[in-house]
>>> print(open('data_11.csv').read())   # CSV, C-alpha atoms
chain,number,residue,atom,x,y,z
H,7,ASN,CA,-21.4,17.6,-18.8
H,8,ARG,CA,-18.8,15.2,-20.2
H,9,LEU,CA,-21.4,12.9,-21.5
H,10,LYS,CA,-22.7,15.6,-23.8
H,11,TYR,CA,-19.4,15.4,-25.8
H,12,MET,CA,-19.0,11.6,-25.6
H,13,SER,CA,-21.0,10.6,-28.7
H,14,GLU,CA,-19.6,7.0,-28.7
H,15,VAL,CA,-20.6,6.4,-25.1
H,16,ARG,CA,-24.1,7.8,-25.7
H,17,ASN,CA,-24.5,5.5,-28.7
H,18,VAL,CA,-23.7,2.5,-26.6
H,19,LEU,CA,-26.1,3.6,-23.9
H,20,ARG,CA,-28.7,4.6,-26.5
H,21,LEU,CA,-29.0,8.1,-25.1
H,22,ASP,CA,-29.9,11.1,-27.2
H,23,ARG,CA,-28.1,14.3,-26.4
H,24,ASP,CA,-31.4,16.0,-25.6
H,25,ASP,CA,-32.4,13.2,-23.2
H,26,LEU,CA,-29.5,13.6,-20.8
H,27,PRO,CA,-30.5,14.4,-17.2
H,28,ASP,CA,-29.9,17.9,-15.9
H,29,TYR,CA,-26.5,18.4,-14.3
H,30,SER,CA,-28.2,19.0,-10.9
H,31,THR,CA,-29.8,15.5,-10.9
H,32,ILE,CA,-27.0,13.7,-9.2
H,33,TYR,CA,-26.4,16.6,-6.8
H,34,LYS,CA,-30.0,16.6,-5.7
H,35,SER,CA,-30.0,12.8,-5.4
H,36,PHE,CA,-27.4,13.2,-2.6
H,37,ASP,CA,-30.2,14.7,-0.5
H,38,ARG,CA,-33.0,12.5,-1.8
H,39,LEU,CA,-31.4,9.0,-1.5
H,40,LYS,CA,-30.2,7.6,1.8
H,41,MET,CA,-26.7,6.3,2.4
H,42,TRP,CA,-27.8,2.7,2.2
H,43,VAL,CA,-28.9,3.2,-1.4
H,44,TRP,CA,-25.4,4.5,-2.4
H,45,ARG,CA,-23.9,1.5,-0.6
H,46,ALA,CA,-26.2,-0.8,-2.5
H,47,LEU,CA,-25.1,0.8,-5.8
H,48,LEU,CA,-21.4,0.3,-4.8
H,49,ARG,CA,-22.1,-3.4,-3.9
H,50,VAL,CA,-24.0,-4.1,-7.2
H,51,SER,CA,-21.2,-2.4,-9.2
H,52,ALA,CA,-18.6,-4.7,-7.5
H,53,GLN,CA,-20.7,-7.8,-8.1
H,54,GLN,CA,-20.4,-7.2,-11.8
H,55,HIS,CA,-16.8,-8.4,-11.4
H,56,PRO,CA,-15.7,-12.0,-10.5
H,57,GLN,CA,-15.6,-12.3,-6.7
H,58,SER,CA,-12.4,-14.1,-5.4
H,59,GLY,CA,-13.4,-14.0,-1.7
H,60,HIS,CA,-10.0,-12.5,-0.9
H,61,ALA,CA,-9.9,-8.8,0.0
H,62,ALA,CA,-7.5,-6.1,1.0
H,63,LEU,CA,-8.3,-3.7,3.9
H,64,ASP,CA,-6.7,-0.3,3.8
H,65,SER,CA,-7.3,3.4,4.3
H,66,THR,CA,-6.8,6.6,2.3
H,67,PHE,CA,-7.7,10.3,2.5
H,68,PHE,CA,-9.8,12.7,0.4
H,69,ASP,CA,-9.4,16.5,0.5
H,70,ARG,CA,-12.5,18.4,1.5
H,71,ARG,CA,-11.1,21.9,1.0
H,72,ARG,CA,-12.5,22.5,-2.5
H,73,ALA,CA,-15.5,24.4,-1.0
H,74,SER,CA,-15.0,28.2,-0.9
H,75,SER,CA,-13.1,29.7,2.0
H,76,TYR,CA,-16.2,31.7,2.8
H,77,PHE,CA,-18.3,28.6,3.2
H,78,ARG,CA,-15.7,26.9,5.3
H,79,GLN,CA,-15.4,29.9,7.6
H,80,ARG,CA,-19.2,30.2,8.0
H,81,ALA,CA,-19.6,26.5,8.7
H,82,GLY,CA,-16.8,26.5,11.2
H,83,ARG,CA,-15.1,23.6,9.3
H,84,THR,CA,-11.7,22.7,10.6
H,85,ILE,CA,-11.4,19.2,9.4
H,86,GLN,CA,-9.7,19.3,6.0
H,87,THR,CA,-9.6,15.7,5.0
H,88,LEU,CA,-11.9,12.7,5.2
H,89,LYS,CA,-10.6,9.2,6.1
H,90,VAL,CA,-11.9,6.4,3.9
H,91,THR,CA,-11.4,2.7,4.8
H,92,THR,CA,-12.1,0.3,1.9
H,93,LEU,CA,-12.4,-3.4,1.3
H,94,THR,CA,-11.1,-4.3,-2.2
H,95,ASP,CA,-11.2,-7.6,-4.0
H,96,VAL,CA,-7.5,-8.4,-4.7
H,97,GLU,CA,-8.2,-10.0,-8.1
H,98,SER,CA,-10.7,-7.7,-9.8
H,99,LEU,CA,-9.7,-4.5,-7.9
H,100,ALA,CA,-13.4,-3.9,-7.3
H,101,VAL,CA,-14.1,-1.9,-4.2
H,102,LEU,CA,-16.7,-3.9,-2.2
H,103,ASP,CA,-17.4,-1.6,0.7
H,104,VAL,CA,-16.3,1.7,2.3
H,105,HIS,CA,-16.3,3.4,5.6
H,106,ILE,CA,-16.0,7.2,5.7
H,107,ALA,CA,-15.3,9.5,8.7
H,108,ALA,CA,-14.6,13.1,9.3
H,109,ARG,CA,-13.5,12.4,12.8
H,110,TRP,CA,-10.7,9.9,12.2
H,111,LYS,CA,-11.2,6.7,14.1
H,112,HIS,CA,-8.3,4.3,14.5
H,113,ASP,CA,-8.1,1.6,11.8
H,114,THR,CA,-8.7,-1.1,14.4
H,115,LYS,CA,-12.2,0.4,15.0
H,116,THR,CA,-13.2,0.8,11.4
H,117,GLY,CA,-11.7,-2.3,9.9
H,118,PRO,CA,-13.8,-4.9,11.7
H,119,GLN,CA,-16.9,-2.9,10.9
H,120,VAL,CA,-16.3,-3.1,7.2
H,121,VAL,CA,-15.3,-6.8,7.3
H,122,ARG,CA,-18.4,-7.6,9.4
H,123,ARG,CA,-20.7,-6.2,6.8
H,124,ASN,CA,-19.2,-8.5,4.1
H,125,ALA,CA,-18.1,-11.5,6.1
H,126,ASP,CA,-20.4,-13.9,4.4
H,127,ASP,CA,-18.6,-13.4,1.1
H,128,LEU,CA,-15.0,-13.4,2.3
H,129,GLN,CA,-12.4,-16.1,2.8
H,130,SER,CA,-9.5,-13.9,3.8
H,131,VAL,CA,-8.6,-10.3,4.4
H,132,ALA,CA,-5.1,-8.8,4.2
H,133,ALA,CA,-4.3,-5.6,6.2
H,134,ASP,CA,-1.2,-3.7,7.3
H,135,ASN,CA,-0.1,-3.2,10.9
H,136,GLY,CA,-2.4,-0.2,11.4
H,137,PHE,CA,-5.2,-2.7,11.6
H,138,GLN,CA,-3.5,-5.0,14.1
H,139,ASP,CA,-4.5,-5.6,17.6
H,140,TRP,CA,-5.8,-8.8,19.3
H,141,HIS,CA,-9.4,-7.5,19.7
H,142,THR,CA,-9.6,-7.0,15.9
H,143,GLU,CA,-8.0,-10.4,15.2
H,144,TYR,CA,-10.5,-12.2,17.4
H,145,GLU,CA,-13.5,-10.4,16.0
H,146,ILE,CA,-12.6,-11.1,12.4
H,147,ALA,CA,-11.7,-14.7,13.2
H,148,ALA,CA,-15.1,-15.1,14.8
H,149,HIS,CA,-16.7,-14.5,11.4
H,150,ASP,CA,-14.6,-17.4,10.0
H,151,VAL,CA,-12.5,-15.1,7.9
H,152,GLU,CA,-8.7,-15.6,7.7
H,153,TYR,CA,-7.0,-12.4,8.8
H,154,LEU,CA,-3.7,-11.8,7.2
H,155,VAL,CA,-2.5,-8.8,9.2
H,156,HIS,CA,1.1,-7.6,9.3
H,157,TYR,CA,2.7,-7.5,12.8
H,158,ARG,CA,4.9,-4.7,14.0
H,159,GLY,CA,8.5,-5.2,15.2
H,160,SER,CA,11.1,-7.8,14.5
H,161,SER,CA,10.4,-10.3,17.2
H,162,ALA,CA,10.5,-14.0,16.3
H,163,ASN,CA,6.7,-14.2,16.7
H,164,ALA,CA,6.2,-11.2,14.3
H,165,ALA,CA,8.7,-12.5,11.8
H,166,ALA,CA,7.0,-15.9,11.7
H,167,ASN,CA,3.6,-14.4,11.4
H,168,ASN,CA,4.5,-12.1,8.6
H,169,ALA,CA,6.4,-14.8,6.7
H,170,LEU,CA,3.3,-17.1,7.0
H,171,ASN,CA,1.0,-14.3,5.8
H,172,ARG,CA,3.2,-13.6,2.7
H,173,ALA,CA,3.0,-17.3,1.8
H,174,ASN,CA,-0.8,-17.1,2.1
H,175,GLY,CA,-1.2,-14.1,-0.2
H,176,TYR,CA,-0.5,-11.1,2.0
H,177,SER,CA,1.5,-9.5,-0.8
H,178,GLN,CA,-1.8,-8.8,-2.7
H,179,ARG,CA,-2.7,-6.2,-0.1
H,180,TRP,CA,-1.2,-3.5,-2.4
H,181,MET,CA,-4.2,-4.0,-4.7
H,182,ALA,CA,-6.1,-1.6,-2.5
H,183,GLU,CA,-3.6,1.1,-3.1
H,184,THR,CA,-3.9,0.4,-6.9
H,185,SER,CA,-7.6,1.0,-6.7
H,186,TYR,CA,-7.0,4.3,-4.8
H,187,SER,CA,-4.6,5.4,-7.5
H,188,THR,CA,-7.0,4.6,-10.3
H,189,THR,CA,-9.9,6.5,-8.6
H,190,LYS,CA,-7.9,9.6,-7.7
H,191,ARG,CA,-6.2,9.8,-11.1
H,192,SER,CA,-9.5,9.6,-13.0
H,193,LEU,CA,-11.9,11.4,-10.6
H,194,GLY,CA,-9.6,13.5,-8.4
H,195,ASP,CA,-8.5,13.3,-4.8
H,196,ALA,CA,-11.0,15.9,-3.5
H,197,VAL,CA,-14.7,16.1,-2.9
H,198,ARG,CA,-16.7,19.0,-4.2
H,199,ALA,CA,-20.0,18.8,-2.3
H,200,LEU,CA,-20.4,21.2,0.6
H,201,GLY,CA,-22.3,19.2,3.2
H,202,TRP,CA,-20.5,16.4,4.9
H,203,TYR,CA,-23.2,13.8,4.2
H,204,ARG,CA,-23.1,14.7,0.5
H,205,GLN,CA,-19.3,14.3,0.6
H,206,PHE,CA,-19.7,10.8,2.0
H,207,ARG,CA,-22.1,9.9,-0.8
H,208,GLU,CA,-19.9,11.5,-3.4
H,209,ILE,CA,-17.0,9.2,-2.3
H,210,VAL,CA,-19.1,6.1,-2.5
H,211,LEU,CA,-20.2,7.2,-6.0
H,212,MET,CA,-16.6,7.7,-7.1
H,213,PHE,CA,-15.7,4.2,-6.2
H,214,ALA,CA,-18.8,2.8,-7.8
H,215,ILE,CA,-17.8,4.6,-11.1
H,216,THR,CA,-14.3,3.1,-10.8
H,217,ASN,CA,-15.9,-0.3,-10.5
H,218,ILE,CA,-18.1,0.3,-13.6
H,219,GLU,CA,-15.5,1.9,-15.9
H,220,PRO,CA,-13.5,-1.4,-16.6
H,221,LEU,CA,-16.7,-3.0,-17.7
H,222,CYS,CA,-17.2,-0.4,-20.4
H,223,GLU,CA,-13.7,-0.6,-21.9
H,224,PRO,CA,-14.5,-3.5,-24.4
H,225,LEU,CA,-17.3,-1.4,-25.8
>>> encode(input="data_11.csv", output="structure tokens")
Amino acid sequence: NRLKYMSEVRNVLRLDRDDLPDYSTIYKSFDRLKMWVWRALLRVSAQQHPQSGHAALDSTFFDRRRASSYFRQRAGRTIQTLKVTTLTDVESLAVLDVHIAARWKHDTKTGPQVVRRNADDLQSVAADNGFQDWHTEYEIAAHDVEYLVHYRGSSANAAANNALNRANGYSQRWMAETSYSTTKRSLGDAVRALGWYRQFREIVLMFAITNIEPLCEPL
């Protein structure tokens, strides 16, 4: 709908106003295309940016209460937010991968899963203390990825580890939060699809759009 009124963008894309797809095209594609297709779209969008090999691991939440109260009551929906764990390149701010869950798993469960899928392209990953336990550290280290995870507490071991991490680039972890802010300010912090699997795919598409938008700015 926005594209109908964006004549400059249509001119760049060489789209005629009458050639625009129907508004329901994307919505129906949530049913037609499997999740791996949306993940591939996200990955390709991230690859359009320079890849530094250094990423930030973090989690955020999206509201799923935009559906009508009647639908929520009929569906027996009690979970009001979706937890989203992302892997973000710290230099380009491109989101490389996401994990989405309605039943919130602990960060130490979802973090290694996201890193594992992208380990071949990573040199280091920075994460806050929510992702810290020795199982996670060993699993990520097994993929030959440096894990810059913040330790809890003020013990000598924790202080030394955190100081070493800061020297090795841990301070770039906040880039993940910048990508969240960019996405939510431009596309909103809530999903609009009704079904949970459509909501998952909608979130992946939102991050893919955020990856693509900076590439269009010079145009």
>>> residues_around(input="data_11.csv", residues="Pro56 in chain H", least_positions_apart="4", cutoff="10 Å", atoms="only C-alpha atoms", output="ChimeraX atom specification")
/H:52,95,97-100
>>> atom_distance(input="data_11.csv", atom1="CA of Lys34 in chain H", atom2="CA of Met212 in chain H")
16.1 Å
>>> closest_residue(input="data_11.csv", among="H:Lys40, H:His55, H:Arg70, H:His60", to="Asp195 in chain H", atoms="only C-alpha atoms")
H:Arg70
>>> closest_residue(input="data_11.csv", among="H:Thr142, H:Asn167, H:Ser192, H:Gln57", to="Gln129 in chain H", atoms="all atoms listed in the file")
H:Gln57
>>> atom_distance(input="data_11.csv", atom1="CA of Leu193 in chain H", atom2="CA of Asp103 in chain H")
18.1 Å
>>> atom_distance(input="data_11.csv", atom1="CA of Asp150 in chain H", atom2="CA of Gln178 in chain H")
20.0 Å
>>> residues_around(input="data_11.csv", residues="Val131 in chain H", least_positions_apart="2", cutoff="7 Å", atoms="only C-alpha atoms", output="MDAnalysis selection string")
chainID H and resid 60:63 133 152:154
>>> residues_around(input="data_11.csv", residues="Phe67 in chain H", least_positions_apart="5", cutoff="6 Å", atoms="all atoms listed in the file", output="list of chain:residue names")
H:Leu88, H:Lys89, H:Val90
>>> residues_near_point(input="data_11.csv", point="(-17.5, 12.4, 9.7)", cutoff="10 Å", atoms="all atoms listed in the file", output="list of chain:residue names")
H:Ile85, H:Thr87, H:Leu88, H:Lys89, H:His105, H:Ile106, H:Ala107, H:Ala108, H:Arg109, H:Trp110, H:Lys111, H:Trp202, H:Tyr203, H:Gln205, H:Phe206
>>> closest_residue(input="data_11.csv", among="H:Ala148, H:Val121, H:Ile215, H:Cys222", to="Trp44 in chain H", atoms="all atoms listed in the file")
H:Ile215
